[in-house]
Structure formats: C-alpha cells, structure tokens
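Asker: Just entry-v2.tsv, nothing more (TSV, N, CA and C atoms):
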chain	number	residue	atom	x	y	z
A	27	MET	N	-5.80	-4.12	20.32
A	27	MET	CA	-6.03	-2.79	19.83
A	27	MET	C	-7.18	-2.85	18.82
A	28	GLY	N	-8.17	-1.99	19.01
A	28	GLY	CA	-9.32	-1.96	18.13
A	28	GLY	C	-9.04	-1.20	16.84
A	29	PRO	N	-9.97	-1.25	15.88
A	29	PRO	CA	-9.76	-0.61	14.59
A	29	PRO	C	-9.51	0.91	14.68
A	30	VAL	N	-10.22	1.60	15.53
A	30	VAL	CA	-10.04	3.05	15.65
A	30	VAL	C	-8.65	3.38	16.19
A	31	GLU	N	-8.23	2.62	17.21
A	31	GLU	CA	-6.90	2.86	17.78
A	31	GLU	C	-5.80	2.51	16.78
A	32	LEU	N	-5.98	1.40	16.04
A	32	LEU	CA	-4.99	1.01	15.05
A	32	LEU	C	-4.88	2.06	13.95
A	33	LYS	N	-6.03	2.52	13.45
A	33	LYS	CA	-6.01	3.55	12.41
A	33	LYS	C	-5.31	4.81	12.90
A	34	SER	N	-5.62	5.23	14.10
A	34	SER	CA	-5.01	6.42	14.68
A	34	SER	C	-3.49	6.25	14.81
A	35	LYS	N	-3.06	5.10	15.29
A	35	LYS	CA	-1.62	4.82	15.47
A	35	LYS	C	-0.90	4.84	14.13
A	36	LEU	N	-1.43	4.14	13.13
A	36	LEU	CA	-0.78	4.07	11.83
A	36	LEU	C	-0.78	5.43	11.13
A	37	PHE	N	-1.85	6.21	11.32
A	37	PHE	CA	-1.93	7.54	10.73
A	37	PHE	C	-0.89	8.47	11.36
A	38	ARG	N	-0.73	8.39	12.67
A	38	ARG	CA	0.24	9.26	13.37
A	38	ARG	C	1.68	8.84	13.10
A	39	GLU	N	1.95	7.55	13.15
A	39	GLU	CA	3.33	7.07	13.10
A	39	GLU	C	3.84	6.74	11.69
A	40	THR	N	2.96	6.38	10.79
A	40	THR	CA	3.32	5.98	9.41
A	40	THR	C	4.64	5.21	9.36
A	41	PRO	N	4.70	4.05	10.03
A	41	PRO	CA	5.97	3.34	10.16
A	41	PRO	C	6.60	2.85	8.86
A	42	HIS	N	5.84	2.68	7.80
A	42	HIS	CA	6.41	2.17	6.55
A	42	HIS	C	6.43	3.22	5.45
A	43	ALA	N	6.23	4.46	5.80
A	43	ALA	CA	6.32	5.53	4.81
A	43	ALA	C	7.78	5.79	4.48
A	44	GLY	N	8.04	6.18	3.25
A	44	GLY	CA	9.42	6.49	2.88
A	44	GLY	C	9.58	6.64	1.38
A	45	ARG	N	10.76	7.06	1.02
A	45	ARG	CA	11.09	7.29	-0.40
A	45	ARG	C	11.46	5.99	-1.10
A	46	ALA	N	11.63	6.11	-2.40
A	46	ALA	CA	11.95	4.97	-3.25
A	46	ALA	C	13.31	4.37	-2.91
A	47	PHE	N	13.47	3.09	-3.20
A	47	PHE	CA	14.73	2.39	-3.03
A	47	PHE	C	15.57	2.59	-4.29
A	48	VAL	N	16.86	2.74	-4.13
A	48	VAL	CA	17.75	2.80	-5.29
A	48	VAL	C	17.66	1.45	-5.99
A	49	GLY	N	17.34	1.46	-7.27
A	49	GLY	CA	17.22	0.22	-8.03
A	49	GLY	C	15.95	-0.56	-7.75
A	50	GLY	N	15.03	0.02	-6.97
A	50	GLY	CA	13.78	-0.67	-6.64
A	50	GLY	C	12.69	-0.41	-7.65
A	51	LEU	N	11.51	-0.84	-7.33
A	51	LEU	CA	10.34	-0.67	-8.18
A	51	LEU	C	9.40	0.35	-7.56
A	52	THR	N	8.77	1.15	-8.39
A	52	THR	CA	7.79	2.12	-7.91
A	52	THR	C	6.55	2.05	-8.78
A	53	GLY	N	5.40	2.07	-8.14
A	53	GLY	CA	4.12	2.13	-8.83
A	53	GLY	C	3.27	3.22	-8.23
A	54	GLU	N	2.48	3.89	-9.06
A	54	GLU	CA	1.66	5.00	-8.58
A	54	GLU	C	0.24	4.85	-9.11
A	55	ALA	N	-0.72	5.27	-8.31
A	55	ALA	CA	-2.12	5.27	-8.72
A	55	ALA	C	-2.82	6.46	-8.07
A	56	ARG	N	-3.86	6.93	-8.74
A	56	ARG	CA	-4.64	8.07	-8.23
A	56	ARG	C	-6.12	7.74	-8.23
A	57	HIS	N	-6.80	8.29	-7.25
A	57	HIS	CA	-8.25	8.18	-7.17
A	57	HIS	C	-8.80	9.50	-7.70
A	58	ALA	N	-9.41	9.47	-8.85
A	58	ALA	CA	-9.80	10.69	-9.54
A	58	ALA	C	-10.78	11.56	-8.75
A	59	LEU	N	-11.72	10.97	-8.07
A	59	LEU	CA	-12.75	11.76	-7.38
A	59	LEU	C	-12.22	12.49	-6.15
A	60	SER	N	-11.24	11.92	-5.49
A	60	SER	CA	-10.75	12.53	-4.25
A	60	SER	C	-9.37	13.16	-4.40
A	61	ALA	N	-8.72	12.93	-5.54
A	61	ALA	CA	-7.35	13.40	-5.78
A	61	ALA	C	-6.34	12.74	-4.84
A	62	SER	N	-6.71	11.62	-4.25
A	62	SER	CA	-5.76	10.86	-3.43
A	62	SER	C	-4.73	10.22	-4.35
A	63	THR	N	-3.50	10.18	-3.88
A	63	THR	CA	-2.41	9.58	-4.65
A	63	THR	C	-1.66	8.59	-3.79
A	64	VAL	N	-1.39	7.42	-4.34
A	64	VAL	CA	-0.65	6.37	-3.65
A	64	VAL	C	0.57	6.02	-4.50
A	65	ARG	N	1.72	6.03	-3.87
A	65	ARG	CA	2.96	5.60	-4.53
A	65	ARG	C	3.57	4.50	-3.66
A	66	VAL	N	3.81	3.34	-4.26
A	66	VAL	CA	4.36	2.19	-3.54
A	66	VAL	C	5.77	1.92	-4.07
A	67	HIS	N	6.70	1.72	-3.15
A	67	HIS	CA	8.10	1.42	-3.50
A	67	HIS	C	8.44	0.03	-2.97
A	68	LEU	N	8.99	-0.79	-3.86
A	68	LEU	CA	9.33	-2.16	-3.48
A	68	LEU	C	10.81	-2.44	-3.71
A	69	ARG	N	11.41	-3.12	-2.77
A	69	ARG	CA	12.75	-3.68	-2.96
A	69	ARG	C	12.53	-5.17	-3.19
A	70	VAL	N	13.08	-5.67	-4.30
A	70	VAL	CA	12.85	-7.06	-4.69
A	70	VAL	C	14.19	-7.77	-4.79
A	71	GLU	N	14.28	-8.93	-4.18
A	71	GLU	CA	15.48	-9.77	-4.24
A	71	GLU	C	15.06	-11.17	-4.65
A	72	ALA	N	15.61	-11.64	-5.76
A	72	ALA	CA	15.30	-12.97	-6.29
A	72	ALA	C	13.79	-13.17	-6.50
A	73	GLY	N	13.11	-12.12	-6.95
A	73	GLY	CA	11.69	-12.21	-7.24
A	73	GLY	C	10.77	-12.09	-6.05
A	74	VAL	N	11.35	-11.86	-4.85
A	74	VAL	CA	10.55	-11.76	-3.62
A	74	VAL	C	10.66	-10.35	-3.05
A	75	ILE	N	9.55	-9.80	-2.62
A	75	ILE	CA	9.54	-8.46	-2.04
A	75	ILE	C	10.21	-8.53	-0.67
A	76	SER	N	11.33	-7.84	-0.53
A	76	SER	CA	12.08	-7.89	0.73
A	76	SER	C	11.77	-6.69	1.61
A	77	GLU	N	11.30	-5.61	1.02
A	77	GLU	CA	10.95	-4.41	1.79
A	77	GLU	C	9.97	-3.58	0.97
A	78	ALA	N	9.07	-2.90	1.64
A	78	ALA	CA	8.09	-2.07	0.96
A	78	ALA	C	7.89	-0.78	1.73
A	79	ARG	N	7.76	0.30	0.99
A	79	ARG	CA	7.49	1.64	1.55
A	79	ARG	C	6.40	2.29	0.72
A	80	TYR	N	5.95	3.43	1.20
A	80	TYR	CA	4.92	4.15	0.45
A	80	TYR	C	5.03	5.66	0.67
A	81	GLU	N	4.44	6.37	-0.26
A	81	GLU	CA	4.17	7.80	-0.13
A	81	GLU	C	2.68	7.95	-0.46
A	82	VAL	N	2.00	8.83	0.23
A	82	VAL	CA	0.56	8.93	0.03
A	82	VAL	C	0.07	10.34	0.30
A	83	ARG	N	-0.95	10.69	-0.43
A	83	ARG	CA	-1.72	11.90	-0.16
A	83	ARG	C	-3.17	11.43	-0.09
A	84	GLY	N	-3.72	11.45	1.13
A	84	GLY	CA	-5.07	10.94	1.28
A	84	GLY	C	-5.55	11.02	2.71
A	85	CYS	N	-6.70	10.44	2.93
A	85	CYS	CA	-7.37	10.47	4.24
A	85	CYS	C	-6.73	9.46	5.20
A	86	PRO	N	-7.04	9.58	6.49
A	86	PRO	CA	-6.50	8.63	7.47
A	86	PRO	C	-6.81	7.17	7.16
A	87	ASP	N	-8.01	6.89	6.61
A	87	ASP	CA	-8.35	5.51	6.26
A	87	ASP	C	-7.39	4.97	5.21
A	88	LEU	N	-7.12	5.76	4.18
A	88	LEU	CA	-6.21	5.33	3.12
A	88	LEU	C	-4.79	5.16	3.63
A	89	ILE	N	-4.33	6.08	4.45
A	89	ILE	CA	-2.97	6.02	4.98
A	89	ILE	C	-2.79	4.77	5.86
A	90	ALA	N	-3.71	4.52	6.75
A	90	ALA	CA	-3.61	3.36	7.64
A	90	ALA	C	-3.70	2.06	6.86
A	91	ALA	N	-4.63	1.99	5.91
A	91	ALA	CA	-4.78	0.77	5.10
A	91	ALA	C	-3.53	0.52	4.26
A	92	LEU	N	-2.96	1.58	3.72
A	92	LEU	CA	-1.75	1.44	2.91
A	92	LEU	C	-0.59	0.93	3.75
A	93	ASP	N	-0.48	1.40	4.97
A	93	ASP	CA	0.60	0.92	5.83
A	93	ASP	C	0.47	-0.59	6.09
A	94	LEU	N	-0.74	-1.04	6.39
A	94	LEU	CA	-0.95	-2.47	6.59
A	94	LEU	C	-0.70	-3.26	5.30
A	95	ALA	N	-1.10	-2.69	4.18
A	95	ALA	CA	-0.93	-3.38	2.90
A	95	ALA	C	0.54	-3.60	2.57
A	96	VAL	N	1.37	-2.56	2.73
A	96	VAL	CA	2.79	-2.75	2.38
A	96	VAL	C	3.46	-3.71	3.36
A	97	GLN	N	3.03	-3.71	4.62
A	97	GLN	CA	3.57	-4.69	5.57
A	97	GLN	C	3.29	-6.12	5.09
A	98	SER	N	2.09	-6.33	4.55
A	98	SER	CA	1.69	-7.68	4.15
A	98	SER	C	2.39	-8.14	2.87
A	99	LEU	N	2.99	-7.23	2.12
A	99	LEU	CA	3.67	-7.61	0.88
A	99	LEU	C	5.03	-8.26	1.11
A	100	VAL	N	5.67	-7.93	2.23
A	100	VAL	CA	7.02	-8.43	2.49
A	100	VAL	C	7.00	-9.97	2.52
A	101	ASN	N	7.97	-10.55	1.84
A	101	ASN	CA	8.15	-12.00	1.69
A	101	ASN	C	7.18	-12.65	0.70
A	102	GLN	N	6.45	-11.84	-0.05
A	102	GLN	CA	5.59	-12.37	-1.11
A	102	GLN	C	6.31	-12.24	-2.45
A	103	SER	N	5.94	-13.09	-3.38
A	103	SER	CA	6.48	-13.01	-4.74
A	103	SER	C	5.98	-11.73	-5.41
A	104	VAL	N	6.87	-11.03	-6.08
A	104	VAL	CA	6.47	-9.79	-6.76
A	104	VAL	C	5.54	-10.09	-7.94
A	105	SER	N	5.60	-11.30	-8.46
A	105	SER	CA	4.75	-11.62	-9.61
A	105	SER	C	3.42	-12.29	-9.23
A	106	SER	N	3.26	-12.65	-7.97
A	106	SER	CA	2.00	-13.30	-7.56
A	106	SER	C	1.58	-12.90	-6.14
A	107	TRP	N	1.69	-11.62	-5.83
A	107	TRP	CA	1.32	-11.14	-4.50
A	107	TRP	C	-0.19	-11.23	-4.29
A	108	VAL	N	-0.57	-11.30	-3.03
A	108	VAL	CA	-1.98	-11.39	-2.65
A	108	VAL	C	-2.24	-10.34	-1.58
A	109	LEU	N	-3.35	-9.65	-1.74
A	109	LEU	CA	-3.72	-8.60	-0.79
A	109	LEU	C	-5.22	-8.69	-0.53
A	110	ASP	N	-5.62	-8.74	0.72
A	110	ASP	CA	-7.04	-8.79	1.08
A	110	ASP	C	-7.46	-7.41	1.57
A	111	LEU	N	-7.88	-6.56	0.63
A	111	LEU	CA	-8.24	-5.19	0.99
A	111	LEU	C	-9.45	-5.11	1.92
A	112	ARG	N	-10.38	-6.02	1.77
A	112	ARG	CA	-11.55	-6.00	2.67
A	112	ARG	C	-11.11	-6.25	4.11
A	113	ALA	N	-10.22	-7.20	4.32
A	113	ALA	CA	-9.73	-7.48	5.67
A	113	ALA	C	-8.92	-6.30	6.20
A	114	ILE	N	-8.12	-5.69	5.35
A	114	ILE	CA	-7.34	-4.52	5.76
A	114	ILE	C	-8.27	-3.37	6.11
A	115	ALA	N	-9.27	-3.12	5.28
A	115	ALA	CA	-10.24	-2.05	5.56
A	115	ALA	C	-10.95	-2.29	6.88
A	116	GLN	N	-11.31	-3.53	7.13
A	116	GLN	CA	-11.98	-3.88	8.39
A	116	GLN	C	-11.03	-3.68	9.57
A	117	ALA	N	-9.76	-4.03	9.41
A	117	ALA	CA	-8.78	-3.91	10.50
A	117	ALA	C	-8.60	-2.46	10.95
A	118	VAL	N	-8.71	-1.52	10.01
A	118	VAL	CA	-8.54	-0.11	10.37
A	118	VAL	C	-9.87	0.63	10.52
A	119	GLY	N	-10.97	-0.10	10.40
A	119	GLY	CA	-12.28	0.49	10.59
A	119	GLY	C	-12.70	1.44	9.49
A	120	ALA	N	-12.20	1.21	8.27
A	120	ALA	CA	-12.58	2.07	7.14
A	120	ALA	C	-14.01	1.75	6.73
A	121	PRO	N	-14.83	2.78	6.51
A	121	PRO	CA	-16.21	2.52	6.07
A	121	PRO	C	-16.23	1.89	4.68
A	122	THR	N	-17.27	1.12	4.40
A	122	THR	CA	-17.35	0.41	3.12
A	122	THR	C	-17.38	1.37	1.93
A	123	ASP	N	-17.85	2.58	2.11
A	123	ASP	CA	-17.88	3.52	0.98
A	123	ASP	C	-16.49	4.02	0.59
A	124	LYS	N	-15.48	3.68	1.38
A	124	LYS	CA	-14.10	4.07	1.05
A	124	LYS	C	-13.36	2.96	0.31
A	125	LEU	N	-13.99	1.81	0.09
A	125	LEU	CA	-13.30	0.70	-0.56
A	125	LEU	C	-12.81	1.08	-1.95
A	126	GLY	N	-13.58	1.87	-2.68
A	126	GLY	CA	-13.15	2.32	-4.00
A	126	GLY	C	-11.85	3.10	-3.94
A	127	LYS	N	-11.73	3.95	-2.94
A	127	LYS	CA	-10.48	4.71	-2.76
A	127	LYS	C	-9.34	3.79	-2.38
A	128	LEU	N	-9.62	2.76	-1.58
A	128	LEU	CA	-8.58	1.83	-1.16
A	128	LEU	C	-8.08	0.97	-2.31
A	129	LEU	N	-8.87	0.85	-3.36
A	129	LEU	CA	-8.43	0.08	-4.53
A	129	LEU	C	-7.22	0.72	-5.21
A	130	THR	N	-6.98	1.99	-4.96
A	130	THR	CA	-5.78	2.63	-5.51
A	130	THR	C	-4.52	1.98	-4.95
A	131	ILE	N	-4.62	1.38	-3.78
A	131	ILE	CA	-3.48	0.66	-3.20
A	131	ILE	C	-3.11	-0.51	-4.12
A	132	GLU	N	-4.09	-1.31	-4.49
A	132	GLU	CA	-3.84	-2.43	-5.40
A	132	GLU	C	-3.31	-1.94	-6.74
A	133	ASP	N	-3.87	-0.85	-7.25
A	133	ASP	CA	-3.43	-0.32	-8.54
A	133	ASP	C	-1.96	0.09	-8.50
A	134	ALA	N	-1.54	0.72	-7.41
A	134	ALA	CA	-0.14	1.15	-7.28
A	134	ALA	C	0.80	-0.06	-7.17
A	135	ILE	N	0.39	-1.06	-6.41
A	135	ILE	CA	1.21	-2.27	-6.28
A	135	ILE	C	1.31	-2.97	-7.63
A	136	ARG	N	0.19	-3.07	-8.32
A	136	ARG	CA	0.18	-3.70	-9.64
A	136	ARG	C	1.11	-2.96	-10.60
A	137	ALA	N	1.11	-1.64	-10.56
A	137	ALA	CA	1.99	-0.85	-11.42
A	137	ALA	C	3.46	-1.13	-11.11
A	138	ALA	N	3.80	-1.28	-9.85
A	138	ALA	CA	5.18	-1.62	-9.49
A	138	ALA	C	5.53	-3.03	-9.96
A	139	ALA	N	4.61	-3.96	-9.80
A	139	ALA	CA	4.85	-5.35	-10.22
A	139	ALA	C	5.03	-5.44	-11.74
A	140	ILE	N	4.28	-4.65	-12.49
A	140	ILE	CA	4.44	-4.62	-13.94
A	140	ILE	C	5.85	-4.14	-14.29
A	141	GLY	N	6.36	-3.19	-13.52
A	141	GLY	CA	7.73	-2.72	-13.73
A	141	GLY	C	8.74	-3.85	-13.58
A	142	PHE	N	8.47	-4.77	-12.65
A	142	PHE	CA	9.36	-5.92	-12.46
A	142	PHE	C	9.29	-6.85	-13.68
A	143	ALA	N	8.09	-7.09	-14.16
A	143	ALA	CA	7.91	-7.99	-15.29
A	143	ALA	C	8.57	-7.44	-16.55
A	144	GLU	N	8.65	-6.12	-16.65
A	144	GLU	CA	9.24	-5.48	-17.84
A	144	GLU	C	10.75	-5.42	-17.80
A	145	ARG	N	11.34	-5.75	-16.67
A	145	ARG	CA	12.81	-5.70	-16.56
A	145	ARG	C	13.47	-6.82	-17.31
Could you render the structure as structure tokens?
Answerer:
Amino acid sequence: MGPVELKSKLFRETPHAGRAFVGGLTGEARHALSASTVRVHLRVEAGVISEARYEVRGCPDLIAALDLAVQSLVNQSVSSWVLDLRAIAQAVGAPTDKLGKLLTIEDAIRAAAIGFAER
C-alpha cells in the first residue's frame, strides 16, 4: 500500500481513535497557526505503554500520522519512548511543510509522559 492509500485508509477508519482510559494518562497539544489539536491517551502497565488512543482535530495528514504514531508507542517505555516523525510523515505522504504541525504529536505524547513522571 502506497502513502496516499495508507493516508486515505487511516483517515477514513481511524483505528486507534478513542476516549481516555480510566486511570490512564492524557496529554494534549495545539498547533497555534492551524488550530489543530492532538490529545493522546495512554494506558501504562509497569512503566510500559500497553495501549494508546487519540482524539484529534486536524487535517488528513495529521490524523493519519497520529494513528501510526500511537501504534508505534505500544510496548515502549513511557519514560523513554522513541518516535520517528519523519518516517511517519513519509509513510503517509505528508508534505514536508506539514512537519511543524506533526510536531504537536510529540508534544502531546510528551505531556502524557510528564503526567506519568509526576505520579
């Protein structure tokens, strides 16, 4: 499946979209210029992300990239997660000028992870 088809599929189906977990972590970030909002919800067990969901208001590129991003978080440590936004952007065919907007994904995840550290 090529980037355009993948983006279209993830935008239509949003397989990892959903509300917060009871007792889970939530982080939110906004892109000021576009008013896009990303909210990431994490379920953490023994310091490891066991499930991730999101809520989003944004363009198809942001929605598709966010879906891939939360998928990649599962089984990672909540305190040392790694995300390759450039690879994710490339996978969904997001133009390079949207990378700034996609950084809100990292900001939202970071906000949720800070919530874990503060517990």
Asker: Just to confirm, what's the straight-line distance from atom CA of Glu39 of chain A to atom CA of Leu94 of chain A in Å (one decimal)?
Answerer: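 Computing the Euclidean distance for atom CA of Glu39 of chain A and atom CA of Leu94 of chain A yields 12.3 Å.
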Asker: Expressed in Å to a single decimal, how great is the separation between atom CA of Ala91 of chain A and atom CA of Gly126 of chain A?
Answerer: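 Computing it gives 12.5 Å between the two atoms.
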Asker: For a quick check of understanding, using all atoms listed in the file, which of A:Leu92, A:Val66, A:Leu59, A:Val104 has the smallest distance to Ala134 of chain A?
Answerer: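 Nearest candidate to Ala134 of chain A out of A:Leu92, A:Val66, A:Leu59, A:Val104: A:Val66.
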Asker: Per residue of segment 31-93 of chain A within 12 Å of segment 112-115 of chain A, record the nearest atom pair and its distance in Å to one decimal, counting only C-alpha atoms, with rows in chain order and ascending residue number, as a tab-separated table.
Answerer:
residue	atom	partner	partner_atom	distance
A:Leu32	CA	A:Ile114	CA	11.1
A:Lys33	CA	A:Ala115	CA	9.8
A:Pro86	CA	A:Ala115	CA	11.5
A:Asp87	CA	A:Ala115	CA	7.8
A:Leu88	CA	A:Ala115	CA	8.8
A:Ile89	CA	A:Ala115	CA	10.9
A:Ala90	CA	A:Ala115	CA	8.8
A:Ala91	CA	A:Ile114	CA	5.9
A:Leu92	CA	A:Ile114	CA	8.7
A:Asp93	CA	A:Ile114	CA	9.6
Asker: Up to 8 Å from (0.9, -0.8, -7.2) in the file's coordinates: name the residues, counting only N, CA and C atoms, as a PyMOL selection string.
Answerer: chain A and resi 52-55+64-67+130-140
Asker: For atom C of Gln116 of chain A and atom CA of Ser103 of chain A, determine how far apart the two atoms are, in Å to one decimal place.
Answerer: 24.5 Å
Asker: Mind checking DSSP for chain A and telling me the alpha helix (DSSP H) residues as an MDAnalysis selection string?
Answerer: chainID A and resid 29:39 86:99 111:117 125:143
Asker: Nearest to Gly50 of chain A: which of A:Gln97, A:Gln102, A:Thr122, A:Ser76 is it, counting only C-alpha atoms?
Answerer: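 Under the stated criterion, the closest residue is A:Ser76.
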Asker: Residues near Arg69 of chain A, anyone? I mean within 7 Å using all atoms listed in the file, not counting same-chain ones fewer than 6 positions away, as a ChimeraX atom specification.
Answerer: /A:47,49-51,75-79
Asker: Among segment 51-131 of chain A, which residues does DSSP mark as strand (DSSP E or B) when it is run on the backbone? Keep the chain and numbering as in the structure and answer as a list in words.
Answerer: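 The strand (DSSP E or B) residues within segment 51-131 of chain A come out as Leu51, Thr52, Gly53, Glu54, Ala55, Arg56, His57, Ser62, Thr63, Val64, Arg65, Val66, His67, Leu68, Arg69, Val70, Glu71, Val74, Ile75, Ser76, Glu77, Ala78, Arg79, Tyr80, Glu81, Val82, Arg83 and Ser103 of chain A.
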Asker: Considering only C-alpha atoms, state which residue in the set A:Val100, A:Ala43, A:Leu111, A:Val70 is at the smallest distance from Lys127 of chain A.
Answerer: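 For Lys127 of chain A, the nearest of the candidates is A:Leu111.
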Asker: (-3.0, 8.9, -2.4) in this file's frame - what residues fall within 6 Å of it? Use all atoms listed in the file and give the answer as JSON, numbers by chain.
Answerer: {"A": [61, 62, 63, 64, 65, 82, 83, 84]}
Asker: Please determine, counting all atoms listed in the file, which residue among A:His57, A:Val96, A:Leu68, A:Ala117 has the shortest atom-to-atom distance to Leu129 of chain A.
Answerer: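 Nearest candidate to Leu129 of chain A out of A:His57, A:Val96, A:Leu68, A:Ala117: A:His57.
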Asker: Between A:Leu99, A:Val118, A:Ala46, A:Val108, which has the minimum distance to Tyr80 of chain A (counting only C-alpha atoms)?
Answerer: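 That would be A:Ala46, the residue with the smallest distance to Tyr80 of chain A.
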